[in-house]
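Visitor: So here's target.tsv, just TSV, C-alpha atoms:
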chain	number	residue	atom	x	y	z
A	1	MET	CA	109.47	84.06	-17.62
A	2	ARG	CA	105.73	84.53	-17.98
A	3	LEU	CA	103.53	81.47	-17.85
A	4	ASP	CA	102.95	81.39	-21.61
A	5	GLN	CA	106.72	81.64	-22.20
A	6	ARG	CA	107.38	78.63	-19.96
A	7	LEU	CA	104.75	76.63	-21.82
A	8	ILE	CA	106.15	77.71	-25.20
A	9	ALA	CA	109.64	76.63	-24.12
A	10	GLY	CA	108.21	73.20	-23.36
A	11	MET	CA	106.94	72.89	-26.95
A	12	ILE	CA	110.36	73.53	-28.51
A	13	ARG	CA	112.80	70.68	-29.03
A	14	PRO	CA	116.40	71.22	-27.88
A	15	ARG	CA	119.08	72.31	-30.35
A	16	THR	CA	116.65	73.68	-32.94
A	17	ARG	CA	116.53	76.98	-34.86
A	18	VAL	CA	114.04	79.43	-33.34
A	19	LEU	CA	112.83	82.89	-34.36
A	20	ASP	CA	110.90	84.75	-31.65
A	21	VAL	CA	108.73	87.45	-33.23
A	22	GLY	CA	107.96	90.13	-30.67
A	23	SER	CA	110.68	88.87	-28.35
A	24	GLY	CA	110.20	91.65	-25.77
A	25	ASP	CA	112.89	91.59	-23.09
A	26	GLY	CA	114.41	88.39	-24.53
A	27	ALA	CA	113.51	86.15	-21.58
A	28	LEU	CA	112.36	83.28	-23.81
A	29	LEU	CA	115.40	83.60	-26.09
A	30	ASP	CA	117.74	83.57	-23.14
A	31	TYR	CA	116.08	80.46	-21.71
A	32	LEU	CA	116.16	78.59	-25.03
A	33	PHE	CA	119.81	79.47	-25.60
A	34	ARG	CA	121.02	78.60	-22.10
A	35	ASN	CA	118.84	75.60	-21.25
A	36	SER	CA	117.94	74.00	-24.59
A	37	GLY	CA	120.98	74.76	-26.73
A	38	CYS	CA	118.78	76.40	-29.37
A	39	ASP	CA	119.98	78.75	-32.09
A	40	ALA	CA	117.45	81.36	-30.97
A	41	ARG	CA	117.10	84.90	-32.29
A	42	GLY	CA	114.44	87.58	-32.06
A	43	ILE	CA	112.64	90.45	-33.76
A	44	GLU	CA	111.24	93.24	-31.59
A	45	ILE	CA	109.48	96.49	-32.55
A	46	ASP	CA	110.31	98.32	-29.30
A	47	MET	CA	113.82	99.73	-29.67
A	48	ARG	CA	114.30	99.92	-25.88
A	49	GLU	CA	113.69	96.18	-25.59
A	50	VAL	CA	116.04	95.52	-28.52
A	51	THR	CA	118.77	97.55	-26.81
A	52	ARG	CA	118.23	95.76	-23.52
A	53	SER	CA	118.33	92.32	-25.20
A	54	VAL	CA	121.48	93.10	-27.18
A	55	ALA	CA	123.14	94.46	-24.02
A	56	HIS	CA	122.55	91.01	-22.50
A	57	GLY	CA	124.20	89.34	-25.48
A	58	LEU	CA	121.00	88.19	-27.20
A	59	PRO	CA	120.68	88.27	-31.01
A	60	VAL	CA	117.65	90.55	-31.41
A	61	MET	CA	116.95	92.81	-34.38
A	62	HIS	CA	114.66	95.79	-34.61
A	63	GLY	CA	111.68	94.96	-36.81
A	64	ASP	CA	108.02	94.09	-36.88
A	65	ALA	CA	105.95	91.05	-37.75
A	66	ASP	CA	103.78	92.78	-40.34
A	67	HIS	CA	106.64	93.83	-42.62
A	68	ASP	CA	109.90	92.04	-41.86
A	69	LEU	CA	109.06	88.33	-41.97
A	70	ALA	CA	108.78	88.53	-45.76
A	71	HIS	CA	112.57	89.08	-45.96
A	72	TYR	CA	113.43	85.68	-44.47
A	73	PRO	CA	114.02	82.68	-46.79
A	74	ASP	CA	111.72	79.65	-46.82
A	75	ASN	CA	112.29	77.07	-44.09
A	76	ALA	CA	114.95	79.15	-42.31
A	77	PHE	CA	113.78	78.01	-38.84
A	78	ASP	CA	112.38	74.98	-37.09
A	79	TYR	CA	110.07	77.11	-34.93
A	80	VAL	CA	108.72	80.64	-35.34
A	81	VAL	CA	107.16	81.99	-32.15
A	82	LEU	CA	104.60	84.78	-31.81
A	83	GLN	CA	103.99	85.38	-28.11
A	84	ARG	CA	101.02	87.51	-27.09
A	85	THR	CA	101.36	89.57	-30.25
A	86	LEU	CA	98.79	88.14	-32.70
A	87	GLN	CA	96.06	90.52	-31.53
A	88	ALA	CA	98.36	93.52	-32.03
A	89	VAL	CA	99.55	92.92	-35.60
A	90	GLU	CA	97.92	94.65	-38.56
A	91	ARG	CA	97.46	91.52	-40.69
A	92	PRO	CA	97.23	88.39	-38.52
A	93	ARG	CA	96.43	86.03	-41.42
A	94	GLU	CA	99.45	87.17	-43.43
A	95	VAL	CA	101.74	87.02	-40.38
A	96	LEU	CA	100.72	83.39	-39.80
A	97	ARG	CA	101.34	82.59	-43.48
A	98	GLN	CA	104.82	84.08	-43.28
A	99	MET	CA	105.59	82.25	-40.02
A	100	LEU	CA	104.75	78.89	-41.60
A	101	ARG	CA	106.65	79.77	-44.75
A	102	ILE	CA	109.89	80.49	-42.93
A	103	GLY	CA	109.43	77.91	-40.16
A	104	ARG	CA	108.47	74.26	-39.98
A	105	TYR	CA	106.31	74.98	-36.94
A	106	ALA	CA	104.59	78.11	-35.66
A	107	ILE	CA	103.87	78.61	-31.97
A	108	VAL	CA	101.27	81.27	-31.24
A	109	SER	CA	100.05	82.50	-27.86
A	110	PHE	CA	97.32	85.08	-27.41
A	111	PRO	CA	94.85	86.31	-24.79
A	112	ASN	CA	91.43	84.74	-25.34
A	113	PHE	CA	88.71	87.34	-25.94
A	114	GLY	CA	86.08	84.62	-25.40
A	115	HIS	CA	86.86	84.24	-21.67
A	116	TRP	CA	83.75	84.30	-19.48
A	117	ARG	CA	84.84	87.39	-17.49
A	118	LEU	CA	85.08	89.43	-20.68
A	119	ARG	CA	81.66	88.22	-21.81
A	120	VAL	CA	80.07	89.12	-18.46
A	121	GLN	CA	81.66	92.57	-18.39
A	122	MET	CA	80.42	93.31	-21.91
A	123	LEU	CA	76.92	92.04	-21.06
A	124	VAL	CA	76.54	93.76	-17.68
A	125	ARG	CA	78.48	96.98	-18.20
A	126	GLY	CA	78.10	97.39	-21.94
A	127	ARG	CA	81.70	98.60	-22.17
A	128	MET	CA	85.01	97.18	-23.35
A	129	PRO	CA	86.23	94.83	-20.61
A	130	MET	CA	89.24	95.35	-18.38
A	131	THR	CA	91.07	92.40	-16.75
A	132	SER	CA	94.62	91.55	-15.71
A	133	VAL	CA	95.22	90.29	-19.27
A	134	TRP	CA	93.25	92.98	-21.16
A	135	ASN	CA	94.52	95.84	-19.03
A	136	THR	CA	94.57	98.94	-21.23
A	137	PRO	CA	91.59	101.15	-22.13
A	138	TRP	CA	90.17	100.73	-25.63
A	139	TYR	CA	91.53	104.10	-26.83
A	140	ASP	CA	95.08	103.27	-25.77
A	141	THR	CA	95.36	99.55	-26.48
A	142	PRO	CA	97.73	98.02	-29.03
A	143	ASN	CA	95.24	95.13	-29.37
A	144	ILE	CA	93.54	95.85	-32.69
A	145	HIS	CA	92.49	92.27	-33.56
A	146	PRO	CA	91.23	90.51	-30.42
A	147	CYS	CA	90.04	86.98	-31.11
A	148	THR	CA	88.65	83.97	-29.33
A	149	ILE	CA	90.04	80.44	-29.34
A	150	LEU	CA	87.21	79.38	-31.65
A	151	ASP	CA	88.00	82.29	-34.01
A	152	PHE	CA	91.62	81.19	-34.18
A	153	LEU	CA	90.70	77.56	-34.85
A	154	THR	CA	88.43	78.69	-37.70
A	155	LEU	CA	91.31	80.66	-39.22
A	156	CYS	CA	93.60	77.62	-38.94
A	157	ARG	CA	90.99	75.43	-40.64
A	158	ASP	CA	90.39	77.98	-43.42
A	159	GLU	CA	94.13	78.29	-44.04
A	160	GLY	CA	94.74	74.53	-43.92
A	161	TYR	CA	97.03	74.52	-40.87
A	162	VAL	CA	97.40	71.43	-38.73
A	163	VAL	CA	97.07	71.99	-34.97
A	164	GLU	CA	99.72	69.72	-33.46
A	165	GLU	CA	99.07	70.82	-29.88
A	166	TRP	CA	96.93	73.36	-28.07
A	167	MET	CA	96.53	74.58	-24.51
A	168	ALA	CA	94.24	77.01	-22.77
A	169	VAL	CA	95.26	78.23	-19.35
A	170	ASP	CA	94.34	80.86	-16.84
A	171	GLU	CA	96.90	83.29	-15.51
A	172	ASP	CA	97.78	80.91	-12.67
A	173	GLY	CA	98.56	78.06	-15.07
A	174	GLU	CA	95.51	75.93	-14.32
A	175	ARG	CA	94.22	73.90	-17.28
A	176	ALA	CA	91.37	71.76	-15.91
A	177	PRO	CA	88.45	71.44	-16.60
A	178	TRP	CA	89.01	72.49	-20.18
A	179	ARG	CA	92.03	70.36	-21.07
A	180	ARG	CA	90.12	68.26	-23.64
A	181	SER	CA	87.14	70.47	-24.53
A	182	ILE	CA	87.76	73.32	-26.94
A	183	ARG	CA	84.37	74.88	-26.11
A	184	LEU	CA	85.15	74.93	-22.38
A	185	ALA	CA	88.63	76.23	-23.20
A	186	ASN	CA	87.06	79.09	-25.14
A	187	LEU	CA	84.96	79.94	-22.09
A	188	PHE	CA	87.45	79.43	-19.24
A	189	GLY	CA	90.92	79.86	-20.77
A	190	GLU	CA	92.40	83.32	-20.27
A	191	GLN	CA	95.16	82.65	-22.77
A	192	ALA	CA	95.73	80.13	-25.52
A	193	LEU	CA	98.79	78.48	-27.06
A	194	PHE	CA	98.89	76.65	-30.37
A	195	LEU	CA	101.59	74.63	-32.09
A	196	LEU	CA	100.89	74.65	-35.84
A	197	ARG	CA	102.36	73.22	-39.01
A	198	ARG	CA	101.47	73.24	-42.68
A	199	LYS	CA	99.60	70.22	-44.03
A	200	ASP	CA	102.53	69.49	-46.34
A	201	GLY	CA	105.09	70.09	-43.55
Using structure tokens, write down the structure from this file.
Guide:
Amino acid sequence: MRLDQRLIAGMIRPRTRVLDVGSGDGALLDYLFRNSGCDARGIEIDMREVTRSVAHGLPVMHGDADHDLAHYPDNAFDYVVLQRTLQAVERPREVLRQMLRIGRYAIVSFPNFGHWRLRVQMLVRGRMPMTSVWNTPWYDTPNIHPCTILDFLTLCRDEGYVVEEWMAVDEDGERAPWRRSIRLANLFGEQALFLLRRKDG
């Protein structure tokens, strides 16, 4: 599993109901099912990944976050996961609303557009940055809504979501020195993870 998937798995209690939105190859689902006894299922927009997941016995449906979450009933899951997909959805605010309607908790991971390397590349080169995380040219990228950690926290505050836990890590999994400082996290964290709930949840 990728680093963010391992960290997400650590946020999920055993034997809970999980929906993984943008489940990709199903690695997280497989781990949660085999190691945590979770009732885990997925939605994936890429039909090849759906086929591969189903061939491995994983319950994954073809669908997308922008349109298909609305069909799920309220409180159908304990956790709804959106891994590295927030920046690629058409309506991030509405997707988060739907996640916290159908799940008690939402876990969101995304690449941080506020990372210092991106800032330096923009300043020095005057062009859209390219890194190991942001690795497709601007004209070919699925990332239509890049955001920073501070942007995401503002959205959570505006929507009234409670941040139960957050992490900012680099690609190697290092957290210090930004473990307790959100401003340093916004500068040094290559990717962010948030565990959210509704205020009334």
Visitor: Under the rule that only C-alpha atoms are counted, which of A:Asn75, A:Thr85, A:Thr16, A:Asn135 is the nearest residue to A:Ile102?
Guide: A:Asn75
Visitor: Report as a list of chain:residue names all protein, DNA and RNA residues lying within 12 Å of A:Glu165, evaluated on all atoms listed in the file, omitting residues in the same chain fewer than 2 positions from it.
Guide: A:Leu7, A:Ile8, A:Gly10, A:Met11, A:Ile12, A:Tyr105, A:Ala106, A:Ile107, A:Val108, A:Ser109, A:Leu153, A:Tyr161, A:Val162, A:Val163, A:Met167, A:Ala168, A:Arg179, A:Arg180, A:Ile182, A:Ala192, A:Leu193, A:Phe194, A:Leu195, A:Leu196, A:Arg197
Visitor: Could you tell me which of A:Arg15, A:Gly22, A:Tyr139, A:Gln87 comes closest to A:His62 if we count only C-alpha atoms?
Guide: A:Gly22
Visitor: Show me, as an NGL selection string, the residues that have an atom within 8 Å of stretch 89-93 of chain A when counting all atoms listed in the file, minus same-chain residues fewer than 5 positions from it.
Guide: :A and (65-66 or 143-145 or 155)
Visitor: Selection from above, C-alpha atoms, as a JSON list (two decimals), keeping the file's coordinate frame, can you write it?
Guide:
[["chain", "number", "residue", "atom", "x", "y", "z"],
["A", 65, "ALA", "CA", 105.95, 91.05, -37.75],
["A", 66, "ASP", "CA", 103.78, 92.78, -40.34],
["A", 143, "ASN", "CA", 95.24, 95.13, -29.37],
["A", 144, "ILE", "CA", 93.54, 95.85, -32.69],
["A", 145, "HIS", "CA", 92.49, 92.27, -33.56],
["A", 155, "LEU", "CA", 91.31, 80.66, -39.22]]
Visitor: When you look at stretch 41-46 of chain A with a cut-off of 8 Å (counting all atoms listed in the file), what residues show up, excluding the ones that are within fewer than 3 positions of it in the same chain? I need them as a ChimeraX atom specification.
Guide: /A:18-24,26,29,49-50,58-65
Visitor: Within 6 Å of stretch 147-149 of chain A, counting all atoms listed in the file, which residues qualify if same-chain residues fewer than 6 places away don't, as an MDAnalysis selection string?
Guide: chainID A and resid 112:114 186
Visitor: Please return the centre and edge lengths, in Å to one decimal, of a box with edges along x, y and z that contains all listed atoms of stretch 126-135 of chain A, widened by 3 Å on every side, as AutoDock Vina command-line options.
Guide:
--center_x 86.7 --center_y 94.4 --center_z -19.5 --size_x 23.1 --size_y 14.3 --size_z 13.6
Visitor: How far is it from atom CA of A:Leu123 to atom CA of A:Pro111, in Å with one decimal?
Guide: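 Atom-to-atom, atom CA of A:Leu123 and atom CA of A:Pro111 are spaced 19.2 Å apart.
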Visitor: Restricting the calculation to all atoms listed in the file, which member of A:Pro142, A:Cys156, A:Trp116, A:Pro14 is positioned closest to A:Arg34?
Guide: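 Using all atoms listed in the file, A:Arg34 sits closest to A:Pro14.
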Visitor: Which one of A:Gly103, A:Asn35, A:Phe110, A:Phe77 sits closest to A:Trp166 if you count all atoms listed in the file?
Guide: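 Between A:Gly103, A:Asn35, A:Phe110, A:Phe77, the residue approaching A:Trp166 most closely is A:Phe110.
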Visitor: How far is it from atom CA of A:Met47 to atom CA of A:Asp30, in Å with one decimal?
Guide: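 Interatomic distance, atom CA of A:Met47 to atom CA of A:Asp30: 17.9 Å.
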Visitor: Work out how far atom CA of A:Arg125 is from atom CA of A:Pro146, in Å to one decimal.
Guide: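 Going from atom CA of A:Pro146 over to atom CA of A:Arg125, I get 18.8 Å.
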Visitor: Measuring between all atoms listed in the file, which one of A:Glu164, A:Val124, A:Gln83, A:Ala70 shows the shortest distance to A:Leu3?
Guide: A:Gln83
Visitor: Pick the closest to A:Leu82 from A:Gly126, A:Arg119, A:Leu100, A:Thr51: which is it, counting all atoms listed in the file?
Guide: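 Under the stated criterion, the closest residue is A:Leu100.
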Visitor: Name the residues within 8 Å of (118.9, 92.5, -19.6), counting all atoms listed in the file in the file's coordinates, and put them as a PDB file with C-alpha atoms, in the coordinates of the input.
Guide:
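The resulting file, point-v3.pdb, is reproduced below:
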ATOM      1  CA  ASP A  25     112.890  91.590 -23.090  1.00  0.00           C
ATOM      2  CA  GLY A  26     114.410  88.390 -24.530  1.00  0.00           C
ATOM      3  CA  ARG A  52     118.230  95.760 -23.520  1.00  0.00           C
ATOM      4  CA  SER A  53     118.330  92.320 -25.200  1.00  0.00           C
ATOM      5  CA  ALA A  55     123.140  94.460 -24.020  1.00  0.00           C
ATOM      6  CA  HIS A  56     122.550  91.010 -22.500  1.00  0.00           C
TER       7      HIS A  56
END
